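**Student:** My structure is below; once you've seen it, I'll send some questions.
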Amino acid sequence: MDGSQSSVLELKSSTFFAPVLVLYSNEIYLIAETLQEKISGAPDFFNDSAVLLDLTELNLKGLPVDIEALVSTLRGLHIFPIGIRGGSEAQEKQASALSIPIDSGRSSGSVLFERQNKSKPDIQSQAPVEVIKEVFRATAMLVTQPVRSGQRIYANGDLVILAQVSAGAEIMAEGNIHVYNTLRGRALAGVQGDMAARLFCLDLQAELISVAGVYKTSEDLKDTVIKKPVQVFLQEQALIVVELDN
Amino acid sequence: MARVVVVTSGKGGVGKTTTSAAIAMGLAKRGYKTAVIDFDVGLRNLDLIMGCERRVVYDFVNVINGEANLNQALIRDKNCNQLYILPASQTRDKDALSLEGVGRVLEEMSQDFKYIICDSPAGIEKGAYLAMYYADDALVVTNPEVSSVRDSDRMLGILASKSRRAELAMDPIKEYLLLTRYDPVRVEAGEMLGLEDVQEILSLHLLGIIPESKSVLTASNAGIPVILDEKSDAGQAYADVVARYLGEKKPHRFIESKKGFLRKLFGGK
């Protein structure tokens with residue numbers, strides 16, 4: 001052993017992306033039904049996904065919601081609330097009781113874990129989670145074999161593919177996607193919401209391209225970019241596809 | 001040890017059984033002891049194409065279940081004594097096959113045979129999965145039309161991810177393309193995908209092109225593998241395929257296109 005065992009843990013600051021679930025209705029069954037539909041559309045995207053609950057809209061409309069019931073419904077759908085914002089004092093209390101951190105919304109990115117019950121000392125509750133500065137991501141995944149129809153590839157970080165991606169195949173990455181060959185299948189970059197993610201390919205014939213959930217199907221692609229080397233990125237919520245030469 | 005070769009496609013009706021019969025006969029004719037197994041349990045056809053349907057007593061499922069031993073179930077071909085057929089059961093379904101059982105039978109056959117040809121059923125369900133699972137080589141039979149090409153592509157994905165070789169991280173299955181029912185006239189008229197179009201999507205090692213030919217149906221009805229019809233174009237094409245599979249260099253025939261086309265396509269390989 002090299003003595004590295006002496007370190008038990010390390011606190012690192014890192015950033016991660018999580019979808020924000022903005023509620024407009026307080027009908028739990030309706031929320032569950034709508035979510036279920038979304039989940040069945042993209043099971044991999046939502047599987048064990050963490051979300052931030054945003055109750056701002058509900059409280060503006062004066063619609064009360066039972067946090068405990070909501071949280072248990074979401075967990076039942078394998079969606080895990082990791083924070084709450086825009087809630088009333090009572091709702092924040094309820095969330096705290098369920099050990100769900102409260103995002104004060106005062107500063108973007110900083111999440112305060114406030115416990116109402118401070119009777120027993122809790123180191124965790126006193127230290128605010130650090131404001132995030134650096135981006136942590138898994139190393140890029142490299143694929144050298146063709147991705148055939150019906151195959152799915154998911155990369156936690158960037159995804160680099162040297163071979164062709166067939167129609168009916170699906171490639172997904174939390175980071176960027178590079179395809180140094182023909183892309184005929186579906187390619188989804190930034191699937192956990194990274195709006196800065198980009199998609200690159202040498203020959204665009206894709207069935208669908210997406211960055212952070214904003215997508216275009218092949219029907220929406222202009223003839224000027226079809227079969228061209230391109231990059232795809234988000235600009236003001238719009239998906240931009242440009243030829244790489246330009 | 002035998003080499004296990006699966007003849008597969010995903011799509012039905014593209015010529016898997018015709019190809020299995022022809023390749024098996026071709027290998028056996030060259031002196032290699034060869035067995036061909038019908039994996040299409042419930043839709044048995046290989047015995048008809050091989051002309052041995054009246055000699056079927058025991059079948060593949062009987063062997064797996066231990067109701068018969070291999071020697072009782074294997075049927076020796078009447079044209080070639082190096083060729084044996086293991087027919088499928090017509091009265092059962094694909095669930096009668098088990099991964100473990102198929103493995104056991106292939107293992108036993110491996111002691112005795114040089115090549116074992118597995119004639120896969122259509123689809124990507126259990127029968128097709130079991131037919132390809134133990135394979136060393138795969139002949140992907142494709143017709144020059146879009147749905148067949150797409151299905152072959154899907155099958156190639158399964159070969160690359162779900163086979164025994166993939167699961168054990170061994171050398172991957174060697175994949176070969178066999179383009180069947182190819183009609184150069186219709187290709188030139190733009191009614192059929194050309195070799196180039198198919199290869200753009202599949203990019204596989206091309207083992208051969210079998211032209212659309214009346215001799216195939218005639219041979220099937222007579223129960224004689226078409227490769228034995230040495231005068232027919234399809235028979236010659238299959239003979240070329242066997243030669244190429246065994247590593248011989250043969251120029252591709254029956255494409256009938258512009259001169260230099262093939263050179264352009266295969267010059268680099």
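Every chain in the structure tokens has a letter given in the order shown (A, B, ...), and although residue numbers restart at 1 in each chain, ligands are simply numbered from 1 in the order shown.
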Name the residues of segment 9-229 of chain A that fall into helix (DSSP H, G or I) according to DSSP on the backbone, using the chain letters and numbers of this document, as a PDB file with N, CA, C and O atoms, in the first residue's frame.

**Tutor:**
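Ended up saving to part23.pdb:
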```pdb
ATOM      1  N   ILE A  28     -51.650  16.341  -7.982  1.00  0.00           N
ATOM      2  CA  ILE A  28     -50.540  15.378  -8.002  1.00  0.00           C
ATOM      3  C   ILE A  28     -50.719  14.294  -9.061  1.00  0.00           C
ATOM      4  O   ILE A  28     -49.786  13.925  -9.759  1.00  0.00           O
ATOM      5  N   TYR A  29     -51.962  13.824  -9.202  1.00  0.00           N
ATOM      6  CA  TYR A  29     -52.171  12.724 -10.159  1.00  0.00           C
ATOM      7  C   TYR A  29     -51.892  13.202 -11.585  1.00  0.00           C
ATOM      8  O   TYR A  29     -51.380  12.479 -12.425  1.00  0.00           O
ATOM      9  N   LEU A  30     -52.221  14.506 -11.825  1.00  0.00           N
ATOM     10  CA  LEU A  30     -51.998  15.075 -13.146  1.00  0.00           C
ATOM     11  C   LEU A  30     -50.495  15.217 -13.421  1.00  0.00           C
ATOM     12  O   LEU A  30     -50.007  14.941 -14.517  1.00  0.00           O
ATOM     13  N   ILE A  31     -49.775  15.628 -12.375  1.00  0.00           N
ATOM     14  CA  ILE A  31     -48.322  15.758 -12.478  1.00  0.00           C
ATOM     15  C   ILE A  31     -47.708  14.393 -12.789  1.00  0.00           C
ATOM     16  O   ILE A  31     -46.881  14.247 -13.689  1.00  0.00           O
ATOM     17  N   ALA A  32     -48.175  13.385 -12.037  1.00  0.00           N
ATOM     18  CA  ALA A  32     -47.648  12.029 -12.217  1.00  0.00           C
ATOM     19  C   ALA A  32     -47.912  11.533 -13.634  1.00  0.00           C
ATOM     20  O   ALA A  32     -47.030  10.975 -14.295  1.00  0.00           O
ATOM     21  N   GLU A  33     -49.137  11.789 -14.112  1.00  0.00           N
ATOM     22  CA  GLU A  33     -49.520  11.301 -15.430  1.00  0.00           C
ATOM     23  C   GLU A  33     -48.661  11.957 -16.518  1.00  0.00           C
ATOM     24  O   GLU A  33     -48.155  11.282 -17.418  1.00  0.00           O
ATOM     25  N   THR A  34     -48.514  13.283 -16.415  1.00  0.00           N
ATOM     26  CA  THR A  34     -47.744  14.011 -17.420  1.00  0.00           C
ATOM     27  C   THR A  34     -46.279  13.582 -17.411  1.00  0.00           C
ATOM     28  O   THR A  34     -45.663  13.390 -18.471  1.00  0.00           O
ATOM     29  N   LEU A  35     -45.748  13.408 -16.199  1.00  0.00           N
ATOM     30  CA  LEU A  35     -44.349  12.980 -16.092  1.00  0.00           C
ATOM     31  C   LEU A  35     -44.150  11.595 -16.703  1.00  0.00           C
ATOM     32  O   LEU A  35     -43.183  11.341 -17.394  1.00  0.00           O
ATOM     33  N   GLN A  36     -45.109  10.719 -16.389  1.00  0.00           N
ATOM     34  CA  GLN A  36     -45.016   9.347 -16.896  1.00  0.00           C
ATOM     35  C   GLN A  36     -44.916   9.358 -18.412  1.00  0.00           C
ATOM     36  O   GLN A  36     -44.137   8.618 -19.004  1.00  0.00           O
ATOM     37  N   GLU A  37     -45.704  10.238 -19.039  1.00  0.00           N
ATOM     38  CA  GLU A  37     -45.671  10.361 -20.497  1.00  0.00           C
ATOM     39  C   GLU A  37     -44.286  10.782 -20.959  1.00  0.00           C
ATOM     40  O   GLU A  37     -43.730  10.237 -21.904  1.00  0.00           O
ATOM     41  N   LYS A  38     -43.737  11.784 -20.267  1.00  0.00           N
ATOM     42  CA  LYS A  38     -42.413  12.286 -20.652  1.00  0.00           C
ATOM     43  C   LYS A  38     -41.349  11.199 -20.457  1.00  0.00           C
ATOM     44  O   LYS A  38     -40.445  11.049 -21.271  1.00  0.00           O
ATOM     45  N   ILE A  39     -41.506  10.461 -19.381  1.00  0.00           N
ATOM     46  CA  ILE A  39     -40.528   9.411 -19.080  1.00  0.00           C
ATOM     47  C   ILE A  39     -40.563   8.333 -20.141  1.00  0.00           C
ATOM     48  O   ILE A  39     -39.525   7.899 -20.641  1.00  0.00           O
ATOM     49  N   SER A  40     -41.774   7.942 -20.535  1.00  0.00           N
ATOM     50  CA  SER A  40     -41.843   6.854 -21.512  1.00  0.00           C
ATOM     51  C   SER A  40     -41.276   7.316 -22.848  1.00  0.00           C
ATOM     52  O   SER A  40     -40.838   6.508 -23.650  1.00  0.00           O
ATOM     53  N   GLY A  41     -41.257   8.635 -23.084  1.00  0.00           N
ATOM     54  CA  GLY A  41     -40.663   9.156 -24.313  1.00  0.00           C
ATOM     55  C   GLY A  41     -39.144   9.071 -24.311  1.00  0.00           C
ATOM     56  O   GLY A  41     -38.524   8.941 -25.351  1.00  0.00           O
ATOM     57  N   PRO A  43     -36.854   7.179 -21.632  1.00  0.00           N
ATOM     58  CA  PRO A  43     -36.608   6.487 -20.362  1.00  0.00           C
ATOM     59  C   PRO A  43     -35.176   6.665 -19.845  1.00  0.00           C
ATOM     60  O   PRO A  43     -34.971   6.833 -18.648  1.00  0.00           O
ATOM     61  N   ASP A  44     -34.204   6.656 -20.747  1.00  0.00           N
ATOM     62  CA  ASP A  44     -32.811   6.761 -20.302  1.00  0.00           C
ATOM     63  C   ASP A  44     -32.507   8.125 -19.716  1.00  0.00           C
ATOM     64  O   ASP A  44     -31.691   8.269 -18.825  1.00  0.00           O
ATOM     65  N   PHE A  45     -33.180   9.111 -20.281  1.00  0.00           N
ATOM     66  CA  PHE A  45     -32.938  10.473 -19.843  1.00  0.00           C
ATOM     67  C   PHE A  45     -33.402  10.654 -18.402  1.00  0.00           C
ATOM     68  O   PHE A  45     -32.750  11.293 -17.596  1.00  0.00           O
ATOM     69  N   PHE A  46     -34.547  10.062 -18.083  1.00  0.00           N
ATOM     70  CA  PHE A  46     -35.156  10.311 -16.795  1.00  0.00           C
ATOM     71  C   PHE A  46     -34.830   9.274 -15.741  1.00  0.00           C
ATOM     72  O   PHE A  46     -35.137   9.461 -14.578  1.00  0.00           O
ATOM     73  N   THR A  56     -42.335  28.265  -7.601  1.00  0.00           N
ATOM     74  CA  THR A  56     -42.611  29.696  -7.727  1.00  0.00           C
ATOM     75  C   THR A  56     -43.970  29.967  -8.382  1.00  0.00           C
ATOM     76  O   THR A  56     -44.788  30.737  -7.866  1.00  0.00           O
ATOM     77  N   GLU A  57     -44.193  29.308  -9.501  1.00  0.00           N
ATOM     78  CA  GLU A  57     -45.431  29.548 -10.260  1.00  0.00           C
ATOM     79  C   GLU A  57     -46.668  29.186  -9.452  1.00  0.00           C
ATOM     80  O   GLU A  57     -47.668  29.912  -9.454  1.00  0.00           O
ATOM     81  N   LEU A  58     -46.561  28.033  -8.759  1.00  0.00           N
ATOM     82  CA  LEU A  58     -47.708  27.577  -7.958  1.00  0.00           C
ATOM     83  C   LEU A  58     -48.058  28.599  -6.891  1.00  0.00           C
ATOM     84  O   LEU A  58     -49.232  28.920  -6.680  1.00  0.00           O
ATOM     85  N   ASN A  59     -47.033  29.105  -6.226  1.00  0.00           N
ATOM     86  CA  ASN A  59     -47.292  30.035  -5.136  1.00  0.00           C
ATOM     87  C   ASN A  59     -47.756  31.398  -5.642  1.00  0.00           C
ATOM     88  O   ASN A  59     -48.504  32.095  -4.959  1.00  0.00           O
ATOM     89  N   LEU A  60     -47.352  31.744  -6.851  1.00  0.00           N
ATOM     90  CA  LEU A  60     -47.859  32.976  -7.455  1.00  0.00           C
ATOM     91  C   LEU A  60     -49.360  32.871  -7.689  1.00  0.00           C
ATOM     92  O   LEU A  60     -50.105  33.826  -7.536  1.00  0.00           O
ATOM     93  N   LYS A  61     -49.763  31.652  -8.090  1.00  0.00           N
ATOM     94  CA  LYS A  61     -51.187  31.418  -8.351  1.00  0.00           C
ATOM     95  C   LYS A  61     -51.941  31.097  -7.063  1.00  0.00           C
ATOM     96  O   LYS A  61     -53.157  30.917  -7.092  1.00  0.00           O
ATOM     97  N   ILE A  67     -46.175  18.761  -0.193  1.00  0.00           N
ATOM     98  CA  ILE A  67     -44.809  18.402  -0.572  1.00  0.00           C
ATOM     99  C   ILE A  67     -44.529  16.918  -0.356  1.00  0.00           C
ATOM    100  O   ILE A  67     -43.924  16.257  -1.207  1.00  0.00           O
ATOM    101  N   GLU A  68     -45.024  16.413   0.763  1.00  0.00           N
ATOM    102  CA  GLU A  68     -44.714  15.023   1.076  1.00  0.00           C
ATOM    103  C   GLU A  68     -45.293  14.078   0.017  1.00  0.00           C
ATOM    104  O   GLU A  68     -44.607  13.179  -0.464  1.00  0.00           O
ATOM    105  N   ALA A  69     -46.543  14.341  -0.369  1.00  0.00           N
ATOM    106  CA  ALA A  69     -47.183  13.491  -1.371  1.00  0.00           C
ATOM    107  C   ALA A  69     -46.487  13.651  -2.720  1.00  0.00           C
ATOM    108  O   ALA A  69     -46.254  12.676  -3.441  1.00  0.00           O
ATOM    109  N   LEU A  70     -46.129  14.896  -3.031  1.00  0.00           N
ATOM    110  CA  LEU A  70     -45.463  15.174  -4.303  1.00  0.00           C
ATOM    111  C   LEU A  70     -44.123  14.431  -4.399  1.00  0.00           C
ATOM    112  O   LEU A  70     -43.825  13.763  -5.395  1.00  0.00           O
ATOM    113  N   VAL A  71     -43.348  14.540  -3.314  1.00  0.00           N
ATOM    114  CA  VAL A  71     -42.030  13.910  -3.310  1.00  0.00           C
ATOM    115  C   VAL A  71     -42.138  12.394  -3.425  1.00  0.00           C
ATOM    116  O   VAL A  71     -41.404  11.754  -4.188  1.00  0.00           O
ATOM    117  N   SER A  72     -43.107  11.821  -2.694  1.00  0.00           N
ATOM    118  CA  SER A  72     -43.201  10.360  -2.756  1.00  0.00           C
ATOM    119  C   SER A  72     -43.685   9.917  -4.136  1.00  0.00           C
ATOM    120  O   SER A  72     -43.258   8.886  -4.653  1.00  0.00           O
ATOM    121  N   THR A  73     -44.532  10.712  -4.781  1.00  0.00           N
ATOM    122  CA  THR A  73     -44.973  10.394  -6.148  1.00  0.00           C
ATOM    123  C   THR A  73     -43.780  10.422  -7.107  1.00  0.00           C
ATOM    124  O   THR A  73     -43.587   9.522  -7.924  1.00  0.00           O
ATOM    125  N   LEU A  74     -42.966  11.486  -6.971  1.00  0.00           N
ATOM    126  CA  LEU A  74     -41.806  11.621  -7.858  1.00  0.00           C
ATOM    127  C   LEU A  74     -40.828  10.465  -7.658  1.00  0.00           C
ATOM    128  O   LEU A  74     -40.327   9.878  -8.619  1.00  0.00           O
ATOM    129  N   ARG A  75     -40.589  10.144  -6.398  1.00  0.00           N
ATOM    130  CA  ARG A  75     -39.653   9.047  -6.119  1.00  0.00           C
ATOM    131  C   ARG A  75     -40.167   7.736  -6.681  1.00  0.00           C
ATOM    132  O   ARG A  75     -39.390   6.904  -7.145  1.00  0.00           O
ATOM    133  N   GLY A  76     -41.492   7.590  -6.624  1.00  0.00           N
ATOM    134  CA  GLY A  76     -42.111   6.388  -7.197  1.00  0.00           C
ATOM    135  C   GLY A  76     -41.830   6.281  -8.688  1.00  0.00           C
ATOM    136  O   GLY A  76     -41.790   5.201  -9.261  1.00  0.00           O
ATOM    137  N   GLU A  89     -42.970  29.245   3.359  1.00  0.00           N
ATOM    138  CA  GLU A  89     -42.256  28.846   4.575  1.00  0.00           C
ATOM    139  C   GLU A  89     -42.691  27.444   5.018  1.00  0.00           C
ATOM    140  O   GLU A  89     -41.861  26.600   5.372  1.00  0.00           O
ATOM    141  N   ALA A  90     -43.999  27.224   4.952  1.00  0.00           N
ATOM    142  CA  ALA A  90     -44.515  25.920   5.368  1.00  0.00           C
ATOM    143  C   ALA A  90     -43.985  24.809   4.459  1.00  0.00           C
ATOM    144  O   ALA A  90     -43.627  23.719   4.920  1.00  0.00           O
ATOM    145  N   GLN A  91     -43.928  25.111   3.168  1.00  0.00           N
ATOM    146  CA  GLN A  91     -43.436  24.099   2.207  1.00  0.00           C
ATOM    147  C   GLN A  91     -41.954  23.824   2.438  1.00  0.00           C
ATOM    148  O   GLN A  91     -41.509  22.685   2.346  1.00  0.00           O
ATOM    149  N   GLU A  92     -41.221  24.872   2.747  1.00  0.00           N
ATOM    150  CA  GLU A  92     -39.792  24.686   3.022  1.00  0.00           C
ATOM    151  C   GLU A  92     -39.600  23.818   4.261  1.00  0.00           C
ATOM    152  O   GLU A  92     -38.702  22.992   4.324  1.00  0.00           O
ATOM    153  N   LYS A  93     -40.495  24.052   5.236  1.00  0.00           N
ATOM    154  CA  LYS A  93     -40.436  23.251   6.455  1.00  0.00           C
ATOM    155  C   LYS A  93     -40.668  21.782   6.126  1.00  0.00           C
ATOM    156  O   LYS A  93     -39.944  20.895   6.575  1.00  0.00           O
ATOM    157  N   GLN A  94     -41.696  21.550   5.306  1.00  0.00           N
ATOM    158  CA  GLN A  94     -42.023  20.176   4.890  1.00  0.00           C
ATOM    159  C   GLN A  94     -40.836  19.536   4.155  1.00  0.00           C
ATOM    160  O   GLN A  94     -40.499  18.385   4.396  1.00  0.00           O
ATOM    161  N   ALA A  95     -40.231  20.311   3.259  1.00  0.00           N
ATOM    162  CA  ALA A  95     -39.096  19.794   2.497  1.00  0.00           C
ATOM    163  C   ALA A  95     -37.936  19.457   3.426  1.00  0.00           C
ATOM    164  O   ALA A  95     -37.298  18.417   3.284  1.00  0.00           O
ATOM    165  N   SER A  96     -37.691  20.345   4.368  1.00  0.00           N
ATOM    166  CA  SER A  96     -36.604  20.110   5.318  1.00  0.00           C
ATOM    167  C   SER A  96     -36.831  18.817   6.083  1.00  0.00           C
ATOM    168  O   SER A  96     -35.898  18.038   6.311  1.00  0.00           O
ATOM    169  N   ALA A  97     -38.076  18.602   6.476  1.00  0.00           N
ATOM    170  CA  ALA A  97     -38.398  17.383   7.214  1.00  0.00           C
ATOM    171  C   ALA A  97     -38.081  16.148   6.378  1.00  0.00           C
ATOM    172  O   ALA A  97     -37.799  15.073   6.915  1.00  0.00           O
ATOM    173  N   ILE A 123     -23.065  18.617  11.263  1.00  0.00           N
ATOM    174  CA  ILE A 123     -22.032  19.364  10.541  1.00  0.00           C
ATOM    175  C   ILE A 123     -22.491  19.708   9.131  1.00  0.00           C
ATOM    176  O   ILE A 123     -22.345  20.815   8.642  1.00  0.00           O
ATOM    177  N   GLN A 124     -23.104  18.710   8.514  1.00  0.00           N
ATOM    178  CA  GLN A 124     -23.528  18.876   7.129  1.00  0.00           C
ATOM    179  C   GLN A 124     -24.470  20.065   6.962  1.00  0.00           C
ATOM    180  O   GLN A 124     -24.397  20.819   6.014  1.00  0.00           O
ATOM    181  N   SER A 125     -25.370  20.215   7.967  1.00  0.00           N
ATOM    182  CA  SER A 125     -26.389  21.240   7.834  1.00  0.00           C
ATOM    183  C   SER A 125     -25.811  22.634   7.988  1.00  0.00           C
ATOM    184  O   SER A 125     -26.383  23.602   7.536  1.00  0.00           O
ATOM    185  N   GLN A 126     -24.672  22.707   8.641  1.00  0.00           N
ATOM    186  CA  GLN A 126     -24.116  24.032   8.863  1.00  0.00           C
ATOM    187  C   GLN A 126     -23.285  24.533   7.678  1.00  0.00           C
ATOM    188  O   GLN A 126     -23.208  25.720   7.424  1.00  0.00           O
ATOM    189  N   SER A 218     -34.742  14.994 -38.980  1.00  0.00           N
ATOM    190  CA  SER A 218     -34.123  15.150 -40.297  1.00  0.00           C
ATOM    191  C   SER A 218     -34.976  16.020 -41.206  1.00  0.00           C
ATOM    192  O   SER A 218     -34.476  16.709 -42.076  1.00  0.00           O
ATOM    193  N   GLU A 219     -36.283  16.001 -40.950  1.00  0.00           N
ATOM    194  CA  GLU A 219     -37.191  16.812 -41.768  1.00  0.00           C
ATOM    195  C   GLU A 219     -36.921  18.310 -41.598  1.00  0.00           C
ATOM    196  O   GLU A 219     -37.144  19.091 -42.512  1.00  0.00           O
ATOM    197  N   ASP A 220     -36.464  18.673 -40.387  1.00  0.00           N
ATOM    198  CA  ASP A 220     -36.225  20.095 -40.107  1.00  0.00           C
ATOM    199  C   ASP A 220     -34.858  20.562 -40.584  1.00  0.00           C
ATOM    200  O   ASP A 220     -34.546  21.746 -40.501  1.00  0.00           O
TER     201      ASP A 220
END
```

**Student:** If you run DSSP on this backbone, which residues of segment 56-246 of chain A come out as strand (DSSP E or B), and could you give them as JSON, numbers by chain?

**Tutor:** {"A": [79, 80, 81, 82, 83, 84, 85, 102, 112, 135, 141, 142, 143, 147, 152, 153, 154, 155, 159, 160, 161, 165, 170, 171, 172, 173, 177, 178, 179, 180, 181, 182, 183, 186, 187, 188, 189, 199, 200, 201, 202, 203, 204, 208, 209, 210, 211, 214, 215, 216, 217, 230, 231, 232, 233, 234, 235, 238, 239, 240, 241, 242, 243]}

**Student:** Kindly determine which residues of chain B lie within 6 Å of chain A, considering only C-alpha atoms, and give the answer as a PDB file with N, CA and C atoms, in the first residue's frame.

**Tutor:**
```pdb
ATOM      1  N   ASP B 153     -28.400  -4.516 -40.669  1.00  0.00           N
ATOM      2  CA  ASP B 153     -27.637  -3.601 -39.824  1.00  0.00           C
ATOM      3  C   ASP B 153     -27.960  -3.866 -38.350  1.00  0.00           C
ATOM      4  N   ARG B 154     -29.245  -4.063 -38.075  1.00  0.00           N
ATOM      5  CA  ARG B 154     -29.682  -4.370 -36.710  1.00  0.00           C
ATOM      6  C   ARG B 154     -29.045  -5.675 -36.232  1.00  0.00           C
ATOM      7  N   GLY B 157     -25.526  -5.325 -35.235  1.00  0.00           N
ATOM      8  CA  GLY B 157     -25.417  -4.751 -33.894  1.00  0.00           C
ATOM      9  C   GLY B 157     -25.560  -5.815 -32.826  1.00  0.00           C
TER      10      GLY B 157
END
```

**Student:** Record the distance separating atom CA of Leu86 of chain B and atom CA of Arg164 of chain B, expressed in Å with one decimal.

**Tutor:** 21.9 Å

**Student:** Excluding Ser215 of chain B and its own-chain neighbours fewer than 6 positions away, which residues fall within 12 Å of it when counting only C-alpha atoms? Please give them as a ChimeraX atom specification.

**Tutor:** /B:18,181,221-237

**Student:** Emit the selected residues as a PDB file, in the first residue's frame, including C-alpha atoms.

**Tutor:**
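again_25.pdb was written with the following content:
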```
ATOM      1  CA  THR B  18     -30.874 -21.507 -49.561  1.00  0.00           C
ATOM      2  CA  ARG B 181     -31.360 -11.838 -55.355  1.00  0.00           C
ATOM      3  CA  ASN B 221     -38.357 -27.531 -55.290  1.00  0.00           C
ATOM      4  CA  ALA B 222     -36.153 -30.451 -56.275  1.00  0.00           C
ATOM      5  CA  GLY B 223     -34.518 -30.559 -52.843  1.00  0.00           C
ATOM      6  CA  ILE B 224     -31.022 -30.168 -54.259  1.00  0.00           C
ATOM      7  CA  PRO B 225     -28.782 -27.332 -53.001  1.00  0.00           C
ATOM      8  CA  VAL B 226     -28.372 -24.883 -55.888  1.00  0.00           C
ATOM      9  CA  ILE B 227     -24.579 -25.038 -55.656  1.00  0.00           C
ATOM     10  CA  LEU B 228     -24.795 -28.526 -57.246  1.00  0.00           C
ATOM     11  CA  ASP B 229     -26.298 -26.932 -60.372  1.00  0.00           C
ATOM     12  CA  GLU B 230     -22.904 -25.984 -61.750  1.00  0.00           C
ATOM     13  CA  LYS B 231     -24.317 -24.586 -64.964  1.00  0.00           C
ATOM     14  CA  SER B 232     -26.503 -22.008 -63.233  1.00  0.00           C
ATOM     15  CA  ASP B 233     -25.297 -18.512 -62.408  1.00  0.00           C
ATOM     16  CA  ALA B 234     -26.498 -18.809 -58.790  1.00  0.00           C
ATOM     17  CA  GLY B 235     -24.713 -22.165 -58.399  1.00  0.00           C
ATOM     18  CA  GLN B 236     -21.462 -20.683 -59.683  1.00  0.00           C
ATOM     19  CA  ALA B 237     -21.872 -17.627 -57.489  1.00  0.00           C
TER      20      ALA B 237
END
```

**Student:** Could you check the closest approach to Tyr176 of chain B for each of B:Met155, B:Leu204, B:Leu246, B:Ala160 and tell me which residue wins, using only C-alpha atoms?

**Tutor:**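 Using only C-alpha atoms, the shortest distance to Tyr176 of chain B belongs to B:Leu204.
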